[in-house]
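Structure file start10.csv; described as CSV, C-alpha atoms.
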chain,number,residue,atom,x,y,z
K,1,MET,CA,-153.0,-50.6,-252.6
K,2,PRO,CA,-150.5,-53.2,-253.8
K,3,ILE,CA,-147.7,-52.2,-256.1
K,4,PRO,CA,-148.4,-53.7,-259.6
K,5,ARG,CA,-145.9,-56.1,-261.1
K,6,LYS,CA,-145.9,-54.2,-264.5
K,7,VAL,CA,-147.3,-51.0,-265.8
K,8,THR,CA,-147.7,-49.5,-269.3
K,9,VAL,CA,-145.3,-46.6,-269.5
K,10,SER,CA,-147.1,-44.4,-272.0
K,11,SER,CA,-150.4,-44.4,-270.0
K,12,ALA,CA,-148.7,-44.2,-266.6
K,13,VAL,CA,-146.7,-41.1,-267.7
K,14,ALA,CA,-149.6,-39.5,-269.5
K,15,GLN,CA,-151.9,-39.9,-266.4
K,16,ARG,CA,-149.1,-39.1,-263.9
K,17,GLN,CA,-149.9,-42.4,-262.2
K,18,ALA,CA,-148.9,-42.7,-258.5
K,19,TYR,CA,-148.2,-46.0,-257.0
K,20,ARG,CA,-148.3,-46.1,-253.2
K,21,GLY,CA,-148.4,-49.1,-250.9
K,22,GLU,CA,-146.6,-51.8,-249.1
K,23,LEU,CA,-144.6,-54.5,-250.7
K,24,PRO,CA,-143.5,-57.6,-248.8
K,25,ALA,CA,-139.8,-58.3,-249.0
K,26,ARG,CA,-140.5,-62.0,-249.4
K,27,SER,CA,-142.2,-61.2,-252.8
K,28,LEU,CA,-138.8,-59.9,-254.1
K,29,GLU,CA,-136.9,-63.1,-254.7
K,30,ARG,CA,-133.4,-61.7,-255.3
K,31,LEU,CA,-133.7,-59.4,-252.3
K,32,SER,CA,-135.1,-62.0,-249.9
K,33,SER,CA,-132.1,-64.3,-250.5
K,34,SER,CA,-129.9,-61.5,-249.3
K,35,LEU,CA,-131.8,-61.0,-246.0
K,36,ALA,CA,-131.5,-62.8,-242.7
K,37,ASP,CA,-135.3,-62.4,-242.3
K,38,ASP,CA,-137.6,-61.6,-245.2
K,39,ALA,CA,-140.7,-60.6,-243.1
K,40,ALA,CA,-140.2,-56.9,-243.7
K,41,MET,CA,-142.8,-54.7,-245.4
K,42,LEU,CA,-141.4,-52.1,-247.7
K,43,ASP,CA,-143.2,-48.7,-248.1
K,44,VAL,CA,-143.2,-47.7,-251.7
K,45,ALA,CA,-144.3,-44.4,-253.1
K,46,LEU,CA,-143.6,-43.9,-256.9
K,47,GLU,CA,-144.9,-41.5,-259.5
K,48,ALA,CA,-144.6,-41.7,-263.3
K,49,GLY,CA,-144.6,-38.4,-265.2
K,50,LYS,CA,-142.7,-36.0,-267.4
K,51,SER,CA,-140.0,-33.5,-266.4
K,52,HIS,CA,-138.6,-31.2,-269.1
K,53,GLY,CA,-140.2,-33.3,-271.7
K,54,ARG,CA,-138.7,-36.5,-270.5
K,55,GLN,CA,-140.4,-39.6,-269.0
K,56,MET,CA,-139.5,-40.1,-265.4
K,57,LEU,CA,-140.2,-42.4,-262.5
K,58,SER,CA,-139.5,-40.9,-259.1
K,59,GLY,CA,-140.3,-41.5,-255.4
K,60,THR,CA,-139.1,-43.3,-252.4
K,61,ILE,CA,-138.7,-46.8,-250.9
K,62,ASP,CA,-138.5,-47.2,-247.1
K,63,GLY,CA,-138.3,-50.1,-244.7
K,64,GLU,CA,-136.6,-51.9,-241.9
K,65,LEU,CA,-134.6,-54.9,-243.2
K,66,THR,CA,-132.8,-57.6,-241.3
K,67,LEU,CA,-129.4,-58.2,-242.9
K,68,ARG,CA,-126.8,-60.8,-242.0
K,69,CYS,CA,-123.6,-59.5,-240.5
K,70,GLN,CA,-120.7,-60.6,-242.8
K,71,ARG,CA,-118.4,-61.0,-239.8
K,72,CYS,CA,-120.4,-62.8,-237.1
K,73,GLU,CA,-123.3,-64.1,-239.3
K,74,GLY,CA,-125.8,-62.7,-236.8
K,75,PRO,CA,-128.9,-60.8,-237.8
K,76,MET,CA,-128.7,-57.0,-237.9
K,77,PRO,CA,-131.4,-54.4,-238.4
K,78,TRP,CA,-130.8,-51.9,-241.2
K,79,THR,CA,-132.9,-48.9,-242.1
K,80,LEU,CA,-133.6,-48.6,-245.8
K,81,HIS,CA,-134.3,-45.3,-247.5
K,82,VAL,CA,-134.0,-45.1,-251.3
K,83,ASP,CA,-134.7,-42.0,-253.4
K,84,VAL,CA,-135.8,-43.2,-256.8
K,85,ASP,CA,-135.1,-40.8,-259.7
K,86,LEU,CA,-135.1,-42.7,-263.1
K,87,ARG,CA,-135.3,-41.4,-266.6
K,88,LEU,CA,-137.3,-43.8,-268.7
K,89,VAL,CA,-135.7,-44.2,-272.1
K,90,GLU,CA,-136.8,-46.3,-275.1
K,91,THR,CA,-133.5,-46.7,-277.0
K,92,GLU,CA,-129.9,-47.5,-276.2
K,93,GLU,CA,-128.9,-44.1,-277.8
K,94,GLU,CA,-131.2,-42.3,-275.3
K,95,GLU,CA,-129.8,-44.4,-272.5
K,96,ALA,CA,-126.2,-43.5,-273.4
K,97,ALA,CA,-127.2,-39.8,-273.7
K,98,ALA,CA,-129.0,-39.8,-270.3
K,99,LEU,CA,-126.1,-41.4,-268.4
K,100,HIS,CA,-124.5,-37.9,-268.0
K,101,GLU,CA,-127.4,-36.4,-266.2
K,102,ALA,CA,-129.7,-39.1,-264.8
K,103,ASP,CA,-130.0,-42.8,-264.0
K,104,PRO,CA,-131.6,-44.2,-267.1
K,105,TYR,CA,-133.9,-47.2,-267.3
K,106,LEU,CA,-134.4,-48.9,-270.7
K,107,VAL,CA,-138.1,-49.5,-271.2
K,108,GLN,CA,-139.0,-52.3,-273.6
K,109,ASP,CA,-142.3,-52.7,-275.4
K,110,ASP,CA,-143.9,-49.8,-273.4
K,111,SER,CA,-143.8,-52.1,-270.3
K,112,LEU,CA,-142.2,-51.2,-267.0
K,113,PRO,CA,-141.7,-54.1,-264.5
K,114,LEU,CA,-142.4,-51.9,-261.5
K,115,GLN,CA,-141.6,-54.5,-258.8
K,116,GLU,CA,-138.4,-55.4,-260.5
K,117,VAL,CA,-137.4,-51.8,-260.6
K,118,VAL,CA,-138.1,-51.5,-256.9
K,119,GLU,CA,-136.0,-54.6,-256.2
K,120,ASP,CA,-133.1,-53.4,-258.3
K,121,GLU,CA,-133.1,-50.0,-256.5
K,122,ILE,CA,-133.0,-51.8,-253.1
K,123,LEU,CA,-130.3,-54.2,-254.1
K,124,LEU,CA,-128.1,-51.3,-255.3
K,125,ALA,CA,-128.7,-49.6,-251.9
K,126,LEU,CA,-127.6,-52.5,-249.7
K,127,PRO,CA,-124.2,-52.3,-248.0
K,128,MET,CA,-121.5,-54.3,-249.8
K,129,LEU,CA,-120.3,-55.8,-246.5
K,130,PRO,CA,-122.9,-55.4,-243.8
K,131,ARG,CA,-121.5,-55.5,-240.3
K,132,CYS,CA,-123.4,-55.2,-237.1
K,133,GLU,CA,-122.4,-52.4,-234.7
K,134,SER,CA,-120.3,-54.6,-232.4
K,135,CYS,CA,-118.4,-56.2,-235.3
K,136,GLU,CA,-117.9,-52.7,-236.8
K,137,ASN,CA,-116.5,-51.5,-233.5
K,138,ILE,CA,-114.1,-54.4,-233.3
K,139,VAL,CA,-112.8,-53.7,-236.8
K,140,GLN,CA,-112.5,-50.0,-236.1
K,141,ALA,CA,-110.7,-50.6,-232.8
K,142,ALA,CA,-108.0,-52.8,-234.2
K,143,PRO,CA,-104.8,-50.9,-234.8
K,144,GLN,CA,-104.0,-50.3,-238.5
K,145,GLU,CA,-100.8,-52.4,-238.1
K,146,ASP,CA,-102.9,-55.4,-237.0
K,147,ARG,CA,-105.3,-55.0,-239.9
K,148,ASP,CA,-102.3,-54.7,-242.3
K,149,GLU,CA,-100.7,-57.8,-240.8
K,150,ALA,CA,-104.0,-59.8,-241.2
K,151,VAL,CA,-104.0,-58.9,-244.9
K,152,ARG,CA,-100.4,-59.9,-245.3
K,153,ARG,CA,-101.1,-63.3,-243.6
K,154,GLU,CA,-103.8,-64.1,-246.2
K,155,PRO,CA,-102.3,-66.4,-248.8
K,156,ASN,CA,-101.7,-64.6,-252.0
K,157,PRO,CA,-103.4,-66.6,-254.8
K,158,PHE,CA,-100.8,-65.4,-257.3
K,159,ALA,CA,-97.8,-66.4,-255.2
K,160,ALA,CA,-97.9,-70.0,-256.5
K,161,LEU,CA,-98.3,-68.8,-260.0
K,162,LYS,CA,-95.3,-66.5,-259.6
K,163,ASP,CA,-93.2,-69.3,-258.3
K,164,ARG,CA,-94.2,-71.6,-261.1
K,165,ILE,CA,-93.4,-69.0,-263.8
K,166,GLY,CA,-90.1,-68.3,-262.1
K,167,LYS,CA,-89.2,-72.0,-262.3
K,168,GLN,CA,-90.2,-72.2,-266.0
K,169,LYS,CA,-87.9,-69.4,-266.9
K,170,GLN,CA,-84.9,-71.1,-265.3
For the file at hand, write its structure as structure tokens.
Amino acid sequence: MPIPRKVTVSSAVAQRQAYRGELPARSLERLSSSLADDAAMLDVALEAGKSHGRQMLSGTIDGELTLRCQRCEGPMPWTLHVDVDLRLVETEEEEAAALHEADPYLVQDDSLPLQEVVEDEILLALPMLPRCESCENIVQAAPQEDRDEAVRREPNPFAALKDRIGKQKQ
């Protein structure tokens, strides 16, 4: 069963709707632009319901993605597992109150863009700087002094500004 693009929150919560199925990575535009290969299929299992009187969306997203190593630019496999646990709120006040105990999602016009929520959760789970195993080993094997020296050799973008301000004060 395909994962719907949008669902009506009130009926999904009242009926404890479950959404299970595969979602092609290529159908998620923002995600596919971050991948080296967008042929992956994502296994999505979500359920809308109430917990302690609050509207919730919970479940999991799993898959094998192919990311691009930020060091060598080569493709690298990456196992995705995301636990989704969102509180569905209808006002900004509810959203602010929920921040202390859950991840809120602001629902507008009783509509929940389910595929967009899935994509957001995956994008949040991606590593900030993906590196393949061999590149990670190279970085980890370099002595700390070499890594510090490499950082010092990078041109400081504020150095020219500092020089210019120093000359203006003279």
Check your understanding: Between atom CA of Leu123 of chain K and atom CA of Ile3 of chain K, what is the spacing in Å?
Key -> 17.6 Å
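Candidate residues K:Glu121, K:Glu133, K:Asp85, K:Asp43 were compared for distance to Met56 of chain K, and the nearest is K:Asp85, using all atoms listed in the file.
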Check your understanding: Hey, can you check how far atom CA of Arg87 of chain K sits from atom CA of Leu129 of chain K?
Key -> 28.9 Å
Check your understanding: Any idea what the distance is between atom CA of Val117 of chain K and atom CA of Met76 of chain K?
Key -> 24.9 Å
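Compared by their closest atoms to Ala45 of chain K, and using only C-alpha atoms, the residues K:Pro24, K:Gly74, K:Pro2, K:Pro130 rank with K:Pro2 nearest.
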**Study point:** Counting only C-alpha atoms, the residue of K:Val44, K:Leu106, K:Ala18, K:Leu31 that sits nearest Ala125 of chain K
**Key:**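 Between K:Val44, K:Leu106, K:Ala18, K:Leu31, the residue approaching Ala125 of chain K most closely is K:Leu31.
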Revision key, fill the gap. Using all atoms listed in the file, the best pick from K:Gly49, K:Pro77, K:Pro113, K:Pro4 as closest to Arg131 of chain K would be K:Pro77
Review point. Could you list as a count of residues only every residue that has an atom within 10 Å of (-136.1, -55.9, -240.9), using the file's coordinates and counting all atoms listed in the file?
Key: 20
Start from the incomplete input, build N, CA and C atoms for segment 34-46 of chain K, and deliver everything as a short mmCIF file (atom, residue, chain, number, x, y, z; two decimals), in the coordinates of the input.
data_model
loop_
_atom_site.label_atom_id
_atom_site.label_comp_id
_atom_site.auth_asym_id
_atom_site.auth_seq_id
_atom_site.Cartn_x
_atom_site.Cartn_y
_atom_site.Cartn_z
N SER K 34 -130.96 -62.23 -249.89
CA SER K 34 -129.90 -61.50 -249.30
C SER K 34 -130.18 -61.09 -247.81
N LEU K 35 -131.36 -61.45 -247.33
CA LEU K 35 -131.80 -61.00 -246.00
C LEU K 35 -131.70 -62.16 -245.00
N ALA K 36 -131.50 -61.82 -243.73
CA ALA K 36 -131.50 -62.80 -242.70
C ALA K 36 -132.97 -63.17 -242.32
N ASP K 37 -133.88 -62.23 -242.56
CA ASP K 37 -135.30 -62.40 -242.30
C ASP K 37 -136.07 -61.62 -243.33
N ASP K 38 -136.93 -62.29 -244.09
CA ASP K 38 -137.60 -61.60 -245.20
C ASP K 38 -139.07 -61.19 -244.80
N ALA K 39 -139.34 -60.99 -243.52
CA ALA K 39 -140.70 -60.60 -243.10
C ALA K 39 -140.98 -59.14 -243.19
N ALA K 40 -140.02 -58.33 -243.59
CA ALA K 40 -140.20 -56.90 -243.70
C ALA K 40 -141.22 -56.47 -244.71
N MET K 41 -141.87 -55.36 -244.42
CA MET K 41 -142.80 -54.70 -245.40
C MET K 41 -142.09 -53.45 -245.85
N LEU K 42 -142.07 -53.23 -247.13
CA LEU K 42 -141.40 -52.10 -247.70
C LEU K 42 -142.53 -51.04 -248.07
N ASP K 43 -142.32 -49.79 -247.70
CA ASP K 43 -143.20 -48.70 -248.10
C ASP K 43 -142.73 -48.11 -249.36
N VAL K 44 -143.55 -48.21 -250.40
CA VAL K 44 -143.20 -47.70 -251.70
C VAL K 44 -144.08 -46.61 -252.15
N ALA K 45 -143.50 -45.53 -252.61
CA ALA K 45 -144.30 -44.40 -253.10
C ALA K 45 -143.56 -43.93 -254.42
N LEU K 46 -144.14 -44.24 -255.57
CA LEU K 46 -143.60 -43.90 -256.90
C LEU K 46 -144.56 -43.12 -257.70
#
